[in-house]
file target-v4.cif (mmCIF, C-alpha atoms)
data_run
loop_
_atom_site.group_PDB
_atom_site.id
_atom_site.type_symbol
_atom_site.label_atom_id
_atom_site.label_comp_id
_atom_site.auth_asym_id
_atom_site.auth_seq_id
_atom_site.Cartn_x
_atom_site.Cartn_y
_atom_site.Cartn_z
ATOM 1 C CA MET A 1 -109.055 9.624 -88.087
ATOM 2 C CA THR A 2 -107.398 11.367 -91.009
ATOM 3 C CA ASP A 3 -110.722 12.270 -92.595
ATOM 4 C CA ASP A 4 -111.870 13.541 -89.246
ATOM 5 C CA ALA A 5 -108.860 15.867 -89.035
ATOM 6 C CA GLN A 6 -109.497 17.095 -92.583
ATOM 7 C CA ALA A 7 -113.112 17.850 -91.724
ATOM 8 C CA ARG A 8 -112.134 19.670 -88.555
ATOM 9 C CA ILE A 9 -109.528 21.735 -90.407
ATOM 10 C CA ALA A 10 -112.052 22.669 -93.101
ATOM 11 C CA GLU A 11 -114.435 23.781 -90.382
ATOM 12 C CA MET A 12 -111.789 25.920 -88.641
ATOM 13 C CA VAL A 13 -110.756 27.535 -91.911
ATOM 14 C CA ALA A 14 -114.363 28.344 -92.789
ATOM 15 C CA LYS A 15 -115.106 29.822 -89.378
ATOM 16 C CA SER A 16 -112.334 32.434 -89.116
ATOM 17 C CA ASP A 17 -111.674 35.370 -91.422
ATOM 18 C CA VAL A 18 -107.977 35.249 -90.567
ATOM 19 C CA LEU A 19 -106.593 31.999 -89.219
ATOM 20 C CA LEU A 20 -103.004 31.159 -88.389
ATOM 21 C CA PHE A 21 -101.951 27.560 -87.865
ATOM 22 C CA MET A 22 -98.879 27.871 -85.665
ATOM 23 C CA LYS A 23 -96.677 26.254 -83.055
ATOM 24 C CA GLY A 24 -97.575 27.699 -79.659
ATOM 25 C CA SER A 25 -99.853 30.637 -79.001
ATOM 26 C CA PRO A 26 -99.612 34.253 -80.218
ATOM 27 C CA LEU A 27 -98.317 35.244 -76.759
ATOM 28 C CA PHE A 28 -95.920 32.306 -76.533
ATOM 29 C CA PRO A 29 -94.911 31.107 -79.990
ATOM 30 C CA GLN A 30 -92.839 27.925 -79.848
ATOM 31 C CA CYS A 31 -90.920 28.460 -83.077
ATOM 32 C CA GLY A 32 -89.164 31.381 -84.728
ATOM 33 C CA PHE A 33 -91.197 31.101 -87.920
ATOM 34 C CA SER A 34 -94.492 31.143 -86.030
ATOM 35 C CA SER A 35 -93.243 34.069 -83.974
ATOM 36 C CA ARG A 36 -92.468 35.983 -87.143
ATOM 37 C CA ALA A 37 -95.924 35.272 -88.574
ATOM 38 C CA VAL A 38 -97.605 36.562 -85.406
ATOM 39 C CA ALA A 39 -95.428 39.687 -85.416
ATOM 40 C CA ILE A 40 -96.469 40.467 -88.994
ATOM 41 C CA LEU A 41 -100.182 40.059 -88.252
ATOM 42 C CA ASN A 42 -99.916 42.171 -85.104
ATOM 43 C CA HIS A 43 -97.992 44.853 -86.902
ATOM 44 C CA LEU A 44 -100.672 45.095 -89.575
ATOM 45 C CA GLY A 45 -103.350 45.290 -86.885
ATOM 46 C CA ALA A 46 -105.153 42.226 -88.200
ATOM 47 C CA GLU A 47 -107.510 40.438 -85.868
ATOM 48 C CA PHE A 48 -106.841 36.752 -86.162
ATOM 49 C CA ASP A 49 -107.555 33.383 -84.625
ATOM 50 C CA SER A 50 -104.834 30.829 -84.144
ATOM 51 C CA VAL A 51 -104.596 27.078 -83.852
ATOM 52 C CA ASP A 52 -101.725 25.588 -81.871
ATOM 53 C CA VAL A 53 -100.800 22.485 -83.861
ATOM 54 C CA LEU A 54 -98.636 21.243 -80.991
ATOM 55 C CA GLN A 55 -101.847 20.625 -79.050
ATOM 56 C CA ASP A 56 -103.406 18.494 -81.765
ATOM 57 C CA GLN A 57 -101.424 15.845 -83.637
ATOM 58 C CA GLY A 58 -104.300 15.222 -86.070
ATOM 59 C CA VAL A 59 -104.303 18.844 -87.145
ATOM 60 C CA ARG A 60 -100.508 19.042 -87.099
ATOM 61 C CA GLN A 61 -100.221 16.280 -89.695
ATOM 62 C CA GLY A 62 -103.534 16.959 -91.432
ATOM 63 C CA ILE A 63 -102.887 20.602 -92.230
ATOM 64 C CA LYS A 64 -99.888 19.640 -94.349
ATOM 65 C CA ALA A 65 -102.065 17.554 -96.641
ATOM 66 C CA PHE A 66 -104.959 20.009 -96.468
ATOM 67 C CA SER A 67 -102.837 22.864 -97.824
ATOM 68 C CA ASP A 68 -100.293 20.749 -99.726
ATOM 69 C CA TRP A 69 -97.711 22.661 -97.690
ATOM 70 C CA PRO A 70 -95.000 20.965 -95.626
ATOM 71 C CA THR A 71 -94.382 23.480 -92.860
ATOM 72 C CA ILE A 72 -96.005 25.475 -90.071
ATOM 73 C CA PRO A 73 -97.047 28.348 -89.778
ATOM 74 C CA GLN A 74 -99.763 28.599 -92.399
ATOM 75 C CA LEU A 75 -102.032 31.575 -92.961
ATOM 76 C CA TYR A 76 -105.612 31.443 -94.210
ATOM 77 C CA VAL A 77 -107.648 34.545 -95.073
ATOM 78 C CA LYS A 78 -111.366 34.131 -95.762
ATOM 79 C CA GLY A 79 -110.864 30.439 -96.376
ATOM 80 C CA GLU A 80 -108.024 30.886 -98.834
ATOM 81 C CA PHE A 81 -104.505 29.597 -98.189
ATOM 82 C CA ILE A 82 -102.088 32.521 -98.410
ATOM 83 C CA GLY A 83 -98.792 30.842 -97.565
ATOM 84 C CA GLY A 84 -96.191 30.248 -94.882
ATOM 85 C CA SER A 85 -93.969 32.711 -93.052
ATOM 86 C CA ASP A 86 -91.653 33.396 -96.009
ATOM 87 C CA ILE A 87 -94.551 34.353 -98.259
ATOM 88 C CA MET A 88 -96.107 36.391 -95.438
ATOM 89 C CA MET A 89 -92.825 38.275 -95.020
ATOM 90 C CA GLU A 90 -92.502 38.917 -98.750
ATOM 91 C CA MET A 91 -96.111 40.098 -98.978
ATOM 92 C CA TYR A 92 -95.670 42.230 -95.875
ATOM 93 C CA GLU A 93 -92.572 43.935 -97.255
ATOM 94 C CA SER A 94 -94.185 44.586 -100.637
ATOM 95 C CA GLY A 95 -97.381 45.919 -99.056
ATOM 96 C CA GLU A 96 -99.471 43.138 -100.639
ATOM 97 C CA LEU A 97 -100.533 41.699 -97.299
ATOM 98 C CA ALA A 98 -101.821 45.052 -95.982
ATOM 99 C CA GLN A 99 -103.656 45.466 -99.274
ATOM 100 C CA LEU A 100 -105.193 42.009 -99.028
ATOM 101 C CA PHE A 101 -106.369 42.635 -95.458
ATOM 102 C CA GLU A 102 -107.875 45.949 -96.496
ATOM 103 C CA GLN A 103 -109.667 44.405 -99.479
ATOM 104 C CA GLN A 104 -111.012 41.611 -97.320
ATOM 105 C CA GLY A 105 -111.997 44.057 -94.592
ATOM 106 C CA VAL A 106 -110.160 42.172 -91.865
ATOM 107 C CA VAL A 107 -108.103 45.029 -90.460
ATOM 108 C CA SER A 108 -109.570 46.664 -87.391
ATOM 109 C CA ALA A 109 -110.035 50.429 -87.438
ATOM 110 C CA GLY A 110 -107.046 52.456 -86.200
ATOM 111 C CA MET B 111 -80.483 15.153 -89.314
ATOM 112 C CA ALA B 112 -78.898 17.987 -91.209
ATOM 113 C CA MET B 113 -78.432 18.298 -94.956
ATOM 114 C CA ALA B 114 -75.522 19.742 -96.899
ATOM 115 C CA ALA B 115 -76.115 22.877 -98.927
ATOM 116 C CA ASP B 116 -74.989 21.297 -102.204
ATOM 117 C CA GLU B 117 -77.359 18.393 -101.615
ATOM 118 C CA ILE B 118 -80.282 20.820 -101.298
ATOM 119 C CA GLU B 119 -79.165 22.648 -104.423
ATOM 120 C CA ALA B 120 -78.841 19.391 -106.380
ATOM 121 C CA LEU B 121 -82.351 18.265 -105.404
ATOM 122 C CA ILE B 122 -83.877 21.585 -106.447
ATOM 123 C CA THR B 123 -82.092 21.694 -109.813
ATOM 124 C CA THR B 124 -83.036 18.086 -110.501
ATOM 125 C CA GLY B 125 -86.703 18.902 -109.889
ATOM 126 C CA ILE B 126 -86.607 22.303 -111.586
ATOM 127 C CA PRO B 127 -83.957 22.045 -114.333
ATOM 128 C CA ASP B 128 -83.973 25.743 -115.287
ATOM 129 C CA ALA B 129 -83.547 26.920 -111.691
ATOM 130 C CA ARG B 130 -80.662 29.014 -110.457
ATOM 131 C CA VAL B 131 -80.226 28.290 -106.774
ATOM 132 C CA GLU B 132 -78.359 30.254 -104.109
ATOM 133 C CA ILE B 133 -78.107 28.635 -100.703
ATOM 134 C CA THR B 134 -77.014 30.488 -97.584
ATOM 135 C CA ASP B 135 -76.203 28.599 -94.401
ATOM 136 C CA LEU B 136 -77.771 31.031 -91.938
ATOM 137 C CA ALA B 137 -76.441 29.689 -88.668
ATOM 138 C CA GLY B 138 -73.372 27.794 -89.890
ATOM 139 C CA ASP B 139 -74.841 24.633 -88.369
ATOM 140 C CA GLY B 140 -75.906 22.859 -91.571
ATOM 141 C CA ASP B 141 -79.511 23.002 -90.405
ATOM 142 C CA HIS B 142 -80.809 26.534 -91.015
ATOM 143 C CA TYR B 143 -80.675 27.615 -94.620
ATOM 144 C CA ALA B 144 -82.015 30.306 -96.859
ATOM 145 C CA ALA B 145 -82.581 29.446 -100.503
ATOM 146 C CA ARG B 146 -83.225 31.810 -103.361
ATOM 147 C CA VAL B 147 -84.557 30.002 -106.403
ATOM 148 C CA VAL B 148 -84.850 31.841 -109.706
ATOM 149 C CA ALA B 149 -86.503 30.054 -112.612
ATOM 150 C CA GLU B 150 -88.086 31.042 -115.898
ATOM 151 C CA SER B 151 -90.562 28.195 -115.432
ATOM 152 C CA PHE B 152 -92.030 30.105 -112.444
ATOM 153 C CA ARG B 153 -93.428 32.721 -114.805
ATOM 154 C CA GLY B 154 -97.192 32.958 -114.512
ATOM 155 C CA MET B 155 -97.288 30.839 -111.359
ATOM 156 C CA PRO B 156 -98.646 32.324 -108.137
ATOM 157 C CA ARG B 157 -96.091 32.513 -105.336
ATOM 158 C CA ILE B 158 -97.627 29.565 -103.488
ATOM 159 C CA LYS B 159 -97.225 27.346 -106.566
ATOM 160 C CA GLN B 160 -93.591 28.433 -106.977
ATOM 161 C CA HIS B 161 -92.859 27.443 -103.389
ATOM 162 C CA GLN B 162 -94.784 24.181 -103.805
ATOM 163 C CA ALA B 163 -92.653 23.361 -106.860
ATOM 164 C CA VAL B 164 -89.505 23.760 -104.746
ATOM 165 C CA TYR B 165 -90.959 21.692 -101.908
ATOM 166 C CA ALA B 166 -91.921 19.008 -104.432
ATOM 167 C CA ALA B 167 -88.331 18.982 -105.740
ATOM 168 C CA LEU B 168 -87.162 18.449 -102.163
ATOM 169 C CA GLY B 169 -89.357 15.365 -102.121
ATOM 170 C CA GLY B 170 -90.841 15.450 -98.646
ATOM 171 C CA ARG B 171 -87.613 16.427 -96.870
ATOM 172 C CA MET B 172 -88.947 19.888 -96.080
ATOM 173 C CA GLY B 173 -90.299 19.924 -92.558
ATOM 174 C CA GLY B 174 -88.507 16.632 -91.955
ATOM 175 C CA VAL B 175 -84.722 16.280 -92.248
ATOM 176 C CA LEU B 176 -84.690 19.794 -93.609
ATOM 177 C CA HIS B 177 -86.023 21.698 -90.645
ATOM 178 C CA ALA B 178 -85.513 25.317 -91.531
ATOM 179 C CA LEU B 179 -85.315 26.613 -95.075
ATOM 180 C CA GLN B 180 -86.263 30.208 -95.703
ATOM 181 C CA LEU B 181 -87.415 30.243 -99.274
ATOM 182 C CA THR B 182 -87.544 33.071 -101.770
ATOM 183 C CA THR B 183 -88.588 32.458 -105.353
ATOM 184 C CA ALA B 184 -88.311 34.762 -108.333
ATOM 185 C CA ILE B 185 -88.464 34.974 -112.109
ATOM 186 C CA PRO B 186 -85.260 36.010 -113.969
ATOM 187 C CA GLU B 187 -85.076 39.739 -114.743
#
call {"tool": "encode", "arguments": {"input": "target-v4.cif", "output": "structure tokens"}}
result
Amino acid sequence: MTDDAQARIAEMVAKSDVLLFMKGSPLFPQCGFSSRAVAILNHLGAEFDSVDVLQDQGVRQGIKAFSDWPTIPQLYVKGEFIGGSDIMMEMYESGELAQLFEQQGVVSAG
Amino acid sequence: MAMAADEIEALITTGIPDARVEITDLAGDGDHYAARVVAESFRGMPRIKQHQAVYAALGGRMGGVLHALQLTTAIPE
């Protein structure tokens, strides 16, 4: 089962340019940290997919090993692990996140 | 389920001996903390690795007994 979750996570990460593993959905985040991550992505105008880990125990546990990261949310851009909500906030405030999205071409026009 | 601030600080400095740690109890409930960890040994490490070093020092408590820890890492000026 664990290997199955790892394979599914790898597939999800490969499929989306910007992927947020979170608790709840972007419209109804179930945790303050996930809510903050969504707010940052929305504010930067990034199009993103999300995975609600509360709906999938395999992914909820598996993503921690996959990223070697103990908490949710977790952001992936073009298959690369960027960090959790603290790192997102730091990168947002310093302008690094906007820069990354621009470089990777994942920000929608306007 | 909660952890004391000095316990968190002790774990981090045990794992990262050159770290200077400031803990803020955000909600006053012993469960929501902010930690600022400054260490020379972070130099040259990407931010993710710096955070992973702190999580490693906390030895699996992060996301478990330690529910909410806002983490900021830095290199000494």
call {"tool": "resolve_selection", "arguments": {"input": "target-v4.cif", "expression": "the PyMOL selection byres ((chain A) within 12 of (chain B))", "output": "count of residues only"}}
result
28
call {"tool": "atom_distance", "arguments": {"input": "target-v4.cif", "atom1": "atom CA of Gln104 of chain A", "atom2": "atom CA of Val51 of chain A"}}
result
20.8 Å
call {"tool": "closest_residue", "arguments": {"input": "target-v4.cif", "among": "A:Ile63, A:Gln99, A:Ala7, A:Val106", "to": "Asp49 of chain A", "atoms": "all atoms listed in the file"}}
result
A:Val106
call {"tool": "atom_distance", "arguments": {"input": "target-v4.cif", "atom1": "atom CA of Pro26 of chain A", "atom2": "atom CA of Leu44 of chain A"}}
result
14.4 Å
call {"tool": "residues_near_point", "arguments": {"input": "target-v4.cif", "point": "(-97.3, 34.5, -85.2)", "cutoff": "10 Å", "atoms": "only C-alpha atoms", "output": "list of chain:residue names"}}
result
A:Leu20, A:Phe21, A:Met22, A:Lys23, A:Gly24, A:Ser25, A:Pro26, A:Leu27, A:Phe28, A:Pro29, A:Gln30, A:Cys31, A:Gly32, A:Phe33, A:Ser34, A:Ser35, A:Arg36, A:Ala37, A:Val38, A:Ala39, A:Ile40, A:Leu41, A:Asn42, A:Phe48, A:Ser50, A:Pro73, A:Gln74, A:Leu75, A:Ser85
call {"tool": "write_last_selection", "arguments": {"input": "target-v4.cif", "atoms": "C-alpha atoms", "output": "PDB file, in the coordinates of the input"}}
result
ATOM      1  CA  LEU A  20    -103.004  31.159 -88.389  1.00  0.00           C
ATOM      2  CA  PHE A  21    -101.951  27.560 -87.865  1.00  0.00           C
ATOM      3  CA  MET A  22     -98.879  27.871 -85.665  1.00  0.00           C
ATOM      4  CA  LYS A  23     -96.677  26.254 -83.055  1.00  0.00           C
ATOM      5  CA  GLY A  24     -97.575  27.699 -79.659  1.00  0.00           C
ATOM      6  CA  SER A  25     -99.853  30.637 -79.001  1.00  0.00           C
ATOM      7  CA  PRO A  26     -99.612  34.253 -80.218  1.00  0.00           C
ATOM      8  CA  LEU A  27     -98.317  35.244 -76.759  1.00  0.00           C
ATOM      9  CA  PHE A  28     -95.920  32.306 -76.533  1.00  0.00           C
ATOM     10  CA  PRO A  29     -94.911  31.107 -79.990  1.00  0.00           C
ATOM     11  CA  GLN A  30     -92.839  27.925 -79.848  1.00  0.00           C
ATOM     12  CA  CYS A  31     -90.920  28.460 -83.077  1.00  0.00           C
ATOM     13  CA  GLY A  32     -89.164  31.381 -84.728  1.00  0.00           C
ATOM     14  CA  PHE A  33     -91.197  31.101 -87.920  1.00  0.00           C
ATOM     15  CA  SER A  34     -94.492  31.143 -86.030  1.00  0.00           C
ATOM     16  CA  SER A  35     -93.243  34.069 -83.974  1.00  0.00           C
ATOM     17  CA  ARG A  36     -92.468  35.983 -87.143  1.00  0.00           C
ATOM     18  CA  ALA A  37     -95.924  35.272 -88.574  1.00  0.00           C
ATOM     19  CA  VAL A  38     -97.605  36.562 -85.406  1.00  0.00           C
ATOM     20  CA  ALA A  39     -95.428  39.687 -85.416  1.00  0.00           C
ATOM     21  CA  ILE A  40     -96.469  40.467 -88.994  1.00  0.00           C
ATOM     22  CA  LEU A  41    -100.182  40.059 -88.252  1.00  0.00           C
ATOM     23  CA  ASN A  42     -99.916  42.171 -85.104  1.00  0.00           C
ATOM     24  CA  PHE A  48    -106.841  36.752 -86.162  1.00  0.00           C
ATOM     25  CA  SER A  50    -104.834  30.829 -84.144  1.00  0.00           C
ATOM     26  CA  PRO A  73     -97.047  28.348 -89.778  1.00  0.00           C
ATOM     27  CA  GLN A  74     -99.763  28.599 -92.399  1.00  0.00           C
ATOM     28  CA  LEU A  75    -102.032  31.575 -92.961  1.00  0.00           C
ATOM     29  CA  SER A  85     -93.969  32.711 -93.052  1.00  0.00           C
TER      30      SER A  85
END
call {"tool": "residues_around", "arguments": {"input": "target-v4.cif", "residues": "segment 126-131 of chain B", "least_positions_apart": "5", "cutoff": "6 Å", "atoms": "all atoms listed in the file", "output": "compact mmCIF listing (two decimals) with C-alpha atoms, keeping the file's coordinate frame"}}
result
# COMPACT_ATOMS: atom_id res chain seq x y z
CA ARG B 146 -83.22 31.81 -103.36
CA VAL B 147 -84.56 30.00 -106.40
CA VAL B 148 -84.85 31.84 -109.71
CA ALA B 149 -86.50 30.05 -112.61
call {"tool": "atom_distance", "arguments": {"input": "target-v4.cif", "atom1": "atom CA of Thr123 of chain B", "atom2": "atom CA of Glu93 of chain A"}}
result
27.6 Å
call {"tool": "resolve_selection", "arguments": {"input": "target-v4.cif", "expression": "the PyMOL selection byres ((chain B and resi 135) around 10)", "output": "PyMOL selection string"}}
result
chain B and resi 114-115+133-134+136-145+179
call {"tool": "write_last_selection", "arguments": {"input": "target-v4.cif", "atoms": "C-alpha atoms", "output": "tab-separated table (two decimals), keeping the file's coordinate frame"}}
result
chain	number	residue	atom	x	y	z
B	114	ALA	CA	-75.52	19.74	-96.90
B	115	ALA	CA	-76.11	22.88	-98.93
B	133	ILE	CA	-78.11	28.64	-100.70
B	134	THR	CA	-77.01	30.49	-97.58
B	136	LEU	CA	-77.77	31.03	-91.94
B	137	ALA	CA	-76.44	29.69	-88.67
B	138	GLY	CA	-73.37	27.79	-89.89
B	139	ASP	CA	-74.84	24.63	-88.37
B	140	GLY	CA	-75.91	22.86	-91.57
B	141	ASP	CA	-79.51	23.00	-90.40
B	142	HIS	CA	-80.81	26.53	-91.02
B	143	TYR	CA	-80.68	27.62	-94.62
B	144	ALA	CA	-82.02	30.31	-96.86
B	145	ALA	CA	-82.58	29.45	-100.50
B	179	LEU	CA	-85.32	26.61	-95.08
call {"tool": "axis_aligned_box", "arguments": {"input": "target-v4.cif", "around": "segment 137-147 of chain B", "padding_each_side": "3 Å", "output": "JSON"}}
result
{"center_x": -79.0, "center_y": 27.3, "center_z": -97.4, "size_x": 17.2, "size_y": 15.0, "size_z": 24.0}
call {"tool": "resolve_selection", "arguments": {"input": "target-v4.cif", "expression": "the PyMOL selection byres ((chain A and resi 5) around 9)", "output": "count of residues only"}}
result
14
call {"tool": "closest_residue", "arguments": {"input": "target-v4.cif", "among": "A:Tyr76, A:Gln57, A:Phe66, A:Ala46", "to": "Gly105 of chain A", "atoms": "all atoms listed in the file"}}
result
A:Ala46
call {"tool": "build_atoms", "arguments": {"input": "target-v4.cif", "residues": "segment 53-76 of chain A", "atoms": "N, CA and C atoms", "output": "short mmCIF file (atom, residue, chain, number, x, y, z; two decimals), in the coordinates of the input"}}
result
data_model
loop_
_atom_site.label_atom_id
_atom_site.label_comp_id
_atom_site.auth_asym_id
_atom_site.auth_seq_id
_atom_site.Cartn_x
_atom_site.Cartn_y
_atom_site.Cartn_z
N VAL A 53 -100.86 23.86 -83.33
CA VAL A 53 -100.80 22.48 -83.86
C VAL A 53 -100.09 21.53 -82.89
N LEU A 54 -99.33 22.11 -81.96
CA LEU A 54 -98.64 21.24 -80.99
C LEU A 54 -99.63 20.59 -80.03
N GLN A 55 -100.83 21.17 -79.94
CA GLN A 55 -101.85 20.62 -79.05
C GLN A 55 -102.71 19.57 -79.73
N ASP A 56 -102.49 19.36 -81.02
CA ASP A 56 -103.41 18.49 -81.76
C ASP A 56 -102.65 17.79 -82.89
N GLN A 57 -102.23 16.57 -82.65
CA GLN A 57 -101.42 15.84 -83.64
C GLN A 57 -102.17 15.63 -84.96
N GLY A 58 -103.50 15.42 -84.85
CA GLY A 58 -104.30 15.22 -86.07
C GLY A 58 -104.23 16.44 -86.97
N VAL A 59 -104.37 17.60 -86.37
CA VAL A 59 -104.30 18.84 -87.14
C VAL A 59 -102.87 19.09 -87.61
N ARG A 60 -101.92 18.79 -86.75
CA ARG A 60 -100.51 19.04 -87.10
C ARG A 60 -100.12 18.31 -88.38
N GLN A 61 -100.52 17.04 -88.49
CA GLN A 61 -100.22 16.28 -89.70
C GLN A 61 -101.20 16.63 -90.81
N GLY A 62 -102.48 16.77 -90.43
CA GLY A 62 -103.53 16.96 -91.43
C GLY A 62 -103.42 18.25 -92.22
N ILE A 63 -102.93 19.30 -91.55
CA ILE A 63 -102.89 20.60 -92.23
C ILE A 63 -101.90 20.58 -93.38
N LYS A 64 -100.89 19.72 -93.27
CA LYS A 64 -99.89 19.64 -94.35
C LYS A 64 -100.51 19.10 -95.63
N ALA A 65 -101.37 18.10 -95.48
CA ALA A 65 -102.06 17.55 -96.64
C ALA A 65 -103.15 18.51 -97.11
N PHE A 66 -103.84 19.10 -96.15
CA PHE A 66 -104.96 20.01 -96.47
C PHE A 66 -104.50 21.13 -97.39
N SER A 67 -103.35 21.72 -97.06
CA SER A 67 -102.84 22.86 -97.82
C SER A 67 -101.84 22.46 -98.89
N ASP A 68 -101.42 21.18 -98.90
CA ASP A 68 -100.29 20.75 -99.73
C ASP A 68 -99.09 21.64 -99.43
N TRP A 69 -98.77 21.77 -98.14
CA TRP A 69 -97.71 22.66 -97.69
C TRP A 69 -97.01 21.98 -96.52
N PRO A 70 -95.67 21.85 -96.59
CA PRO A 70 -95.00 20.96 -95.63
C PRO A 70 -94.69 21.56 -94.26
N THR A 71 -94.86 22.86 -94.10
CA THR A 71 -94.38 23.48 -92.86
C THR A 71 -95.46 24.31 -92.17
N ILE A 72 -95.20 24.59 -90.90
CA ILE A 72 -96.00 25.48 -90.07
C ILE A 72 -95.14 26.71 -89.81
N PRO A 73 -95.65 27.91 -89.75
CA PRO A 73 -97.05 28.35 -89.78
C PRO A 73 -97.67 28.36 -91.17
N GLN A 74 -98.99 28.46 -91.17
CA GLN A 74 -99.76 28.60 -92.40
C GLN A 74 -100.88 29.61 -92.16
N LEU A 75 -101.02 30.52 -93.10
CA LEU A 75 -102.03 31.58 -92.96
C LEU A 75 -103.20 31.37 -93.94
N TYR A 76 -104.39 31.45 -93.39
CA TYR A 76 -105.61 31.44 -94.21
C TYR A 76 -106.36 32.76 -94.02
#
